[in-house]
Amino acid sequence: LVAGIDSSTQSTKVEVRRVEDGTIVGTGRAPHPPTTPPRSEQDPAAWWGALESAFTEIDAEVRSRIVAVAVAGQQHGLVVLDASGDALRPAKLWNDTTSAPQAERLVAELGAETWAAACGVVPVPSITVTKLAWLVEHEPETVARIARILLPHDYLSLRLSGRAVTDRGDASGTGWWDPASGAYSAELLAAAGADRDLGRC
């Protein structure tokens, strides 16, 4: 059996299927705390709690036979962890638009063409680099304690596997990863106001 996990803005959903024919043998769902844009934030621990709750809706015998897990989820949010792996603050979700002024500033300073050439995206409020710029401006004390930056999808992968990993799809929405070279850009992070190479976090 394999389990598919979908962690969205509103809830975590789990489906367990047979590998041989794709038959669904178990499902579970648990809500996330509601958010109200323009400020749309959630505690990452709530996603983990929702995942645990969703799995409890699936029969224990079915759960014991799961051999693989795949995680899908919301992109472009900002999760900042300390050295112990704990969230430093609630995650800013993709639909948090409080970083609109920072998005405008980043485009004005470097130009849309430069951003597009450097990382394949032009900053808008949903893109992670604008959320980091907001954090630099409003919560410098939080930025000073960052040991790791993750996207919401990657937070669950870390909790499940103990490994901080991402994929090209998620990385391409950060606003500081170049899909052509496969490298993170310290220069783009610096444009967001980061005074150290947080791309290695």
# chains A, B, ... in the order shown; residues from 1 in each chain; ligands from 1
>>> residues_around(residues="region 122-139 of chain A", least_positions_apart="5", cutoff="8 Å", atoms="only C-alpha atoms", output="VMD selection string")
chain A and resid 76 to 78 92 to 100 102 to 104 106 to 107 112 to 113 115 to 116 173 to 176 189 192 to 194
>>> select_by_dssp(residues="chain A", states="strand (DSSP E or B)", output="JSON, numbers by chain")
{"A": [2, 3, 4, 5, 6, 7, 11, 12, 13, 14, 15, 16, 17, 24, 25, 26, 27, 28, 29, 30, 31, 36, 39, 41, 42, 68, 69, 70, 71, 72, 73, 78, 79, 80, 81, 87, 91, 92, 148, 149, 150, 177, 178, 183, 184]}
>>> write_last_selection(atoms="N, CA and C atoms", output="short mmCIF file (atom, residue, chain, number, x, y, z; two decimals), in the first residue's frame")
data_model
loop_
_atom_site.label_atom_id
_atom_site.label_comp_id
_atom_site.auth_asym_id
_atom_site.auth_seq_id
_atom_site.Cartn_x
_atom_site.Cartn_y
_atom_site.Cartn_z
N VAL A 2 0.38 2.29 -0.64
CA VAL A 2 1.07 3.58 -0.65
C VAL A 2 0.09 4.65 -0.17
N ALA A 3 0.63 5.65 0.52
CA ALA A 3 -0.19 6.74 1.02
C ALA A 3 0.16 8.02 0.30
N GLY A 4 -0.85 8.72 -0.17
CA GLY A 4 -0.67 10.04 -0.75
C GLY A 4 -1.20 11.09 0.20
N ILE A 5 -0.39 12.10 0.46
CA ILE A 5 -0.74 13.17 1.40
C ILE A 5 -0.86 14.47 0.63
N ASP A 6 -1.96 15.18 0.82
CA ASP A 6 -2.14 16.50 0.23
C ASP A 6 -2.37 17.49 1.36
N SER A 7 -1.40 18.37 1.58
CA SER A 7 -1.52 19.38 2.62
C SER A 7 -1.80 20.71 1.94
N SER A 11 -6.72 22.12 4.58
CA SER A 11 -6.78 20.83 5.26
C SER A 11 -5.66 19.91 4.80
N THR A 12 -5.51 18.80 5.53
CA THR A 12 -4.64 17.71 5.10
C THR A 12 -5.53 16.53 4.76
N LYS A 13 -5.28 15.95 3.59
CA LYS A 13 -6.04 14.79 3.13
C LYS A 13 -5.08 13.65 2.85
N VAL A 14 -5.49 12.44 3.18
CA VAL A 14 -4.67 11.25 2.96
C VAL A 14 -5.49 10.21 2.21
N GLU A 15 -4.89 9.60 1.19
CA GLU A 15 -5.48 8.45 0.52
C GLU A 15 -4.48 7.31 0.54
N VAL A 16 -4.93 6.13 0.88
CA VAL A 16 -4.09 4.93 0.83
C VAL A 16 -4.62 4.05 -0.30
N ARG A 17 -3.71 3.64 -1.19
CA ARG A 17 -4.12 2.86 -2.37
C ARG A 17 -3.26 1.60 -2.49
N ILE A 24 -8.53 2.49 -3.78
CA ILE A 24 -8.45 3.20 -2.50
C ILE A 24 -8.90 2.26 -1.39
N VAL A 25 -8.06 2.12 -0.36
CA VAL A 25 -8.40 1.25 0.76
C VAL A 25 -8.52 2.03 2.07
N GLY A 26 -8.26 3.33 2.03
CA GLY A 26 -8.41 4.13 3.23
C GLY A 26 -8.26 5.60 2.93
N THR A 27 -9.02 6.44 3.63
CA THR A 27 -8.92 7.89 3.46
C THR A 27 -9.06 8.57 4.82
N GLY A 28 -8.50 9.75 4.90
CA GLY A 28 -8.63 10.55 6.11
C GLY A 28 -8.49 12.02 5.76
N ARG A 29 -9.06 12.86 6.59
CA ARG A 29 -9.00 14.31 6.36
C ARG A 29 -9.09 15.03 7.68
N ALA A 30 -8.31 16.13 7.82
CA ALA A 30 -8.40 16.96 9.01
C ALA A 30 -8.16 18.41 8.61
N PRO A 31 -8.92 19.35 9.20
CA PRO A 31 -8.82 20.76 8.80
C PRO A 31 -7.59 21.44 9.38
N THR A 36 -7.30 34.43 7.17
CA THR A 36 -8.04 35.54 6.57
C THR A 36 -7.06 36.49 5.91
N ARG A 39 -3.43 38.94 5.65
CA ARG A 39 -2.45 38.24 6.49
C ARG A 39 -2.92 36.80 6.66
N GLU A 41 -1.58 33.28 7.81
CA GLU A 41 -0.50 32.56 8.49
C GLU A 41 -1.06 31.36 9.25
N GLN A 42 -0.24 30.32 9.36
CA GLN A 42 -0.60 29.13 10.14
C GLN A 42 0.64 28.60 10.85
N ALA A 68 5.18 3.13 1.37
CA ALA A 68 5.71 4.35 0.78
C ALA A 68 4.72 5.49 0.97
N VAL A 69 5.27 6.70 1.02
CA VAL A 69 4.45 7.89 1.21
C VAL A 69 4.89 8.95 0.20
N ALA A 70 3.93 9.67 -0.36
CA ALA A 70 4.22 10.81 -1.23
C ALA A 70 3.51 12.03 -0.67
N VAL A 71 4.21 13.15 -0.66
CA VAL A 71 3.66 14.38 -0.10
C VAL A 71 3.48 15.42 -1.20
N ALA A 72 2.29 15.97 -1.30
CA ALA A 72 2.03 17.12 -2.16
C ALA A 72 1.47 18.21 -1.26
N GLY A 73 1.65 19.44 -1.67
CA GLY A 73 1.12 20.48 -0.81
C GLY A 73 1.28 21.86 -1.38
N LEU A 78 6.42 30.56 3.46
CA LEU A 78 7.69 30.76 4.16
C LEU A 78 7.61 30.13 5.54
N VAL A 79 8.42 29.08 5.75
CA VAL A 79 8.54 28.42 7.04
C VAL A 79 9.97 28.65 7.52
N VAL A 80 10.13 29.25 8.69
CA VAL A 80 11.47 29.51 9.22
C VAL A 80 11.64 28.74 10.53
N LEU A 81 12.72 27.96 10.60
CA LEU A 81 12.98 27.11 11.76
C LEU A 81 14.24 27.56 12.47
N ALA A 87 9.56 25.91 14.64
CA ALA A 87 9.15 27.10 13.90
C ALA A 87 9.37 28.34 14.74
N ALA A 91 3.91 30.28 9.82
CA ALA A 91 4.31 30.31 8.41
C ALA A 91 3.46 31.31 7.65
N LYS A 92 4.10 32.05 6.75
CA LYS A 92 3.36 32.90 5.84
C LYS A 92 2.96 32.05 4.64
N ARG A 148 17.01 27.38 9.23
CA ARG A 148 16.55 26.68 8.03
C ARG A 148 15.29 27.35 7.50
N ILE A 149 15.23 27.49 6.17
CA ILE A 149 14.03 27.99 5.50
C ILE A 149 13.45 26.84 4.70
N LEU A 150 12.15 26.62 4.87
CA LEU A 150 11.45 25.57 4.13
C LEU A 150 10.18 26.14 3.53
N TRP A 177 16.12 30.68 -6.51
CA TRP A 177 16.70 29.47 -7.09
C TRP A 177 16.65 29.57 -8.60
N ASP A 178 17.76 29.28 -9.26
CA ASP A 178 17.86 29.36 -10.71
C ASP A 178 17.64 27.98 -11.32
N ALA A 183 21.10 26.21 -8.98
CA ALA A 183 21.79 26.78 -7.83
C ALA A 183 20.96 27.89 -7.19
N TYR A 184 21.15 28.06 -5.89
CA TYR A 184 20.53 29.17 -5.19
C TYR A 184 21.38 30.42 -5.37
#
>>> closest_residue(among="A:Ser8, A:Thr23, A:Ser172, A:Thr142", to="Leu88 (chain A)", atoms="only C-alpha atoms")
A:Thr142
>>> select_by_dssp(residues="chain A", states="helix (DSSP H, G or I)", output="JSON, numbers by chain")
{"A": [44, 45, 46, 47, 48, 49, 50, 51, 52, 53, 54, 55, 56, 60, 61, 62, 63, 100, 101, 102, 103, 104, 105, 106, 107, 108, 109, 110, 112, 113, 114, 115, 116, 117, 118, 119, 128, 129, 130, 131, 132, 133, 134, 135, 136, 137, 138, 140, 141, 142, 143, 152, 153, 154, 155, 156, 157, 158, 159, 160, 161, 168, 169, 170, 171, 186, 187, 188, 189, 190, 191, 198, 199, 200]}
>>> residues_around(residues="Arg159 (chain A)", least_positions_apart="6", cutoff="10 Å", atoms="only C-alpha atoms", output="compact mmCIF listing (two decimals) with C-alpha atoms, in the first residue's frame")
# COMPACT_ATOMS: atom_id res chain seq x y z
CA ALA A 45 2.75 22.32 13.92
CA TRP A 48 1.57 17.95 11.50
CA GLY A 85 13.92 22.50 14.11
>>> closest_residue(among="A:Trp47, A:Ala147, A:Gly120, A:Leu158", to="Ala171 (chain A)", atoms="only C-alpha atoms")
A:Gly120
>>> residues_around(residues="Leu1 (chain A)", least_positions_apart="4", cutoff="7 Å", atoms="only C-alpha atoms", output="JSON, numbers by chain")
{"A": [16, 17, 18, 19, 65, 66, 67]}
>>> write_last_selection(atoms="N, CA and C atoms", output="mmCIF file, in the first residue's frame")
data_model
loop_
_atom_site.group_PDB
_atom_site.id
_atom_site.type_symbol
_atom_site.label_atom_id
_atom_site.label_comp_id
_atom_site.auth_asym_id
_atom_site.auth_seq_id
_atom_site.Cartn_x
_atom_site.Cartn_y
_atom_site.Cartn_z
ATOM 1 N N VAL A 16 -4.932 6.133 0.881
ATOM 2 C CA VAL A 16 -4.091 4.932 0.829
ATOM 3 C C VAL A 16 -4.624 4.052 -0.300
ATOM 4 N N ARG A 17 -3.713 3.642 -1.193
ATOM 5 C CA ARG A 17 -4.121 2.862 -2.369
ATOM 6 C C ARG A 17 -3.260 1.596 -2.488
ATOM 7 N N ARG A 18 -3.832 0.605 -3.159
ATOM 8 C CA ARG A 18 -3.083 -0.592 -3.508
ATOM 9 C C ARG A 18 -2.204 -0.286 -4.705
ATOM 10 N N VAL A 19 -0.949 -0.691 -4.635
ATOM 11 C CA VAL A 19 -0.019 -0.433 -5.729
ATOM 12 C C VAL A 19 -0.473 -1.130 -7.011
ATOM 13 N N ARG A 65 0.414 -1.556 6.771
ATOM 14 C CA ARG A 65 0.877 -2.136 5.511
ATOM 15 C C ARG A 65 1.389 -1.087 4.527
ATOM 16 N N ILE A 66 1.426 0.185 4.929
ATOM 17 C CA ILE A 66 1.923 1.244 4.038
ATOM 18 C C ILE A 66 3.439 1.117 3.900
ATOM 19 N N VAL A 67 3.906 1.085 2.652
ATOM 20 C CA VAL A 67 5.349 0.926 2.401
ATOM 21 C C VAL A 67 5.985 2.173 1.797
#
>>> atom_distance(atom1="CA of Ala164 (chain A)", atom2="CA of Pro44 (chain A)")
14.7 Å
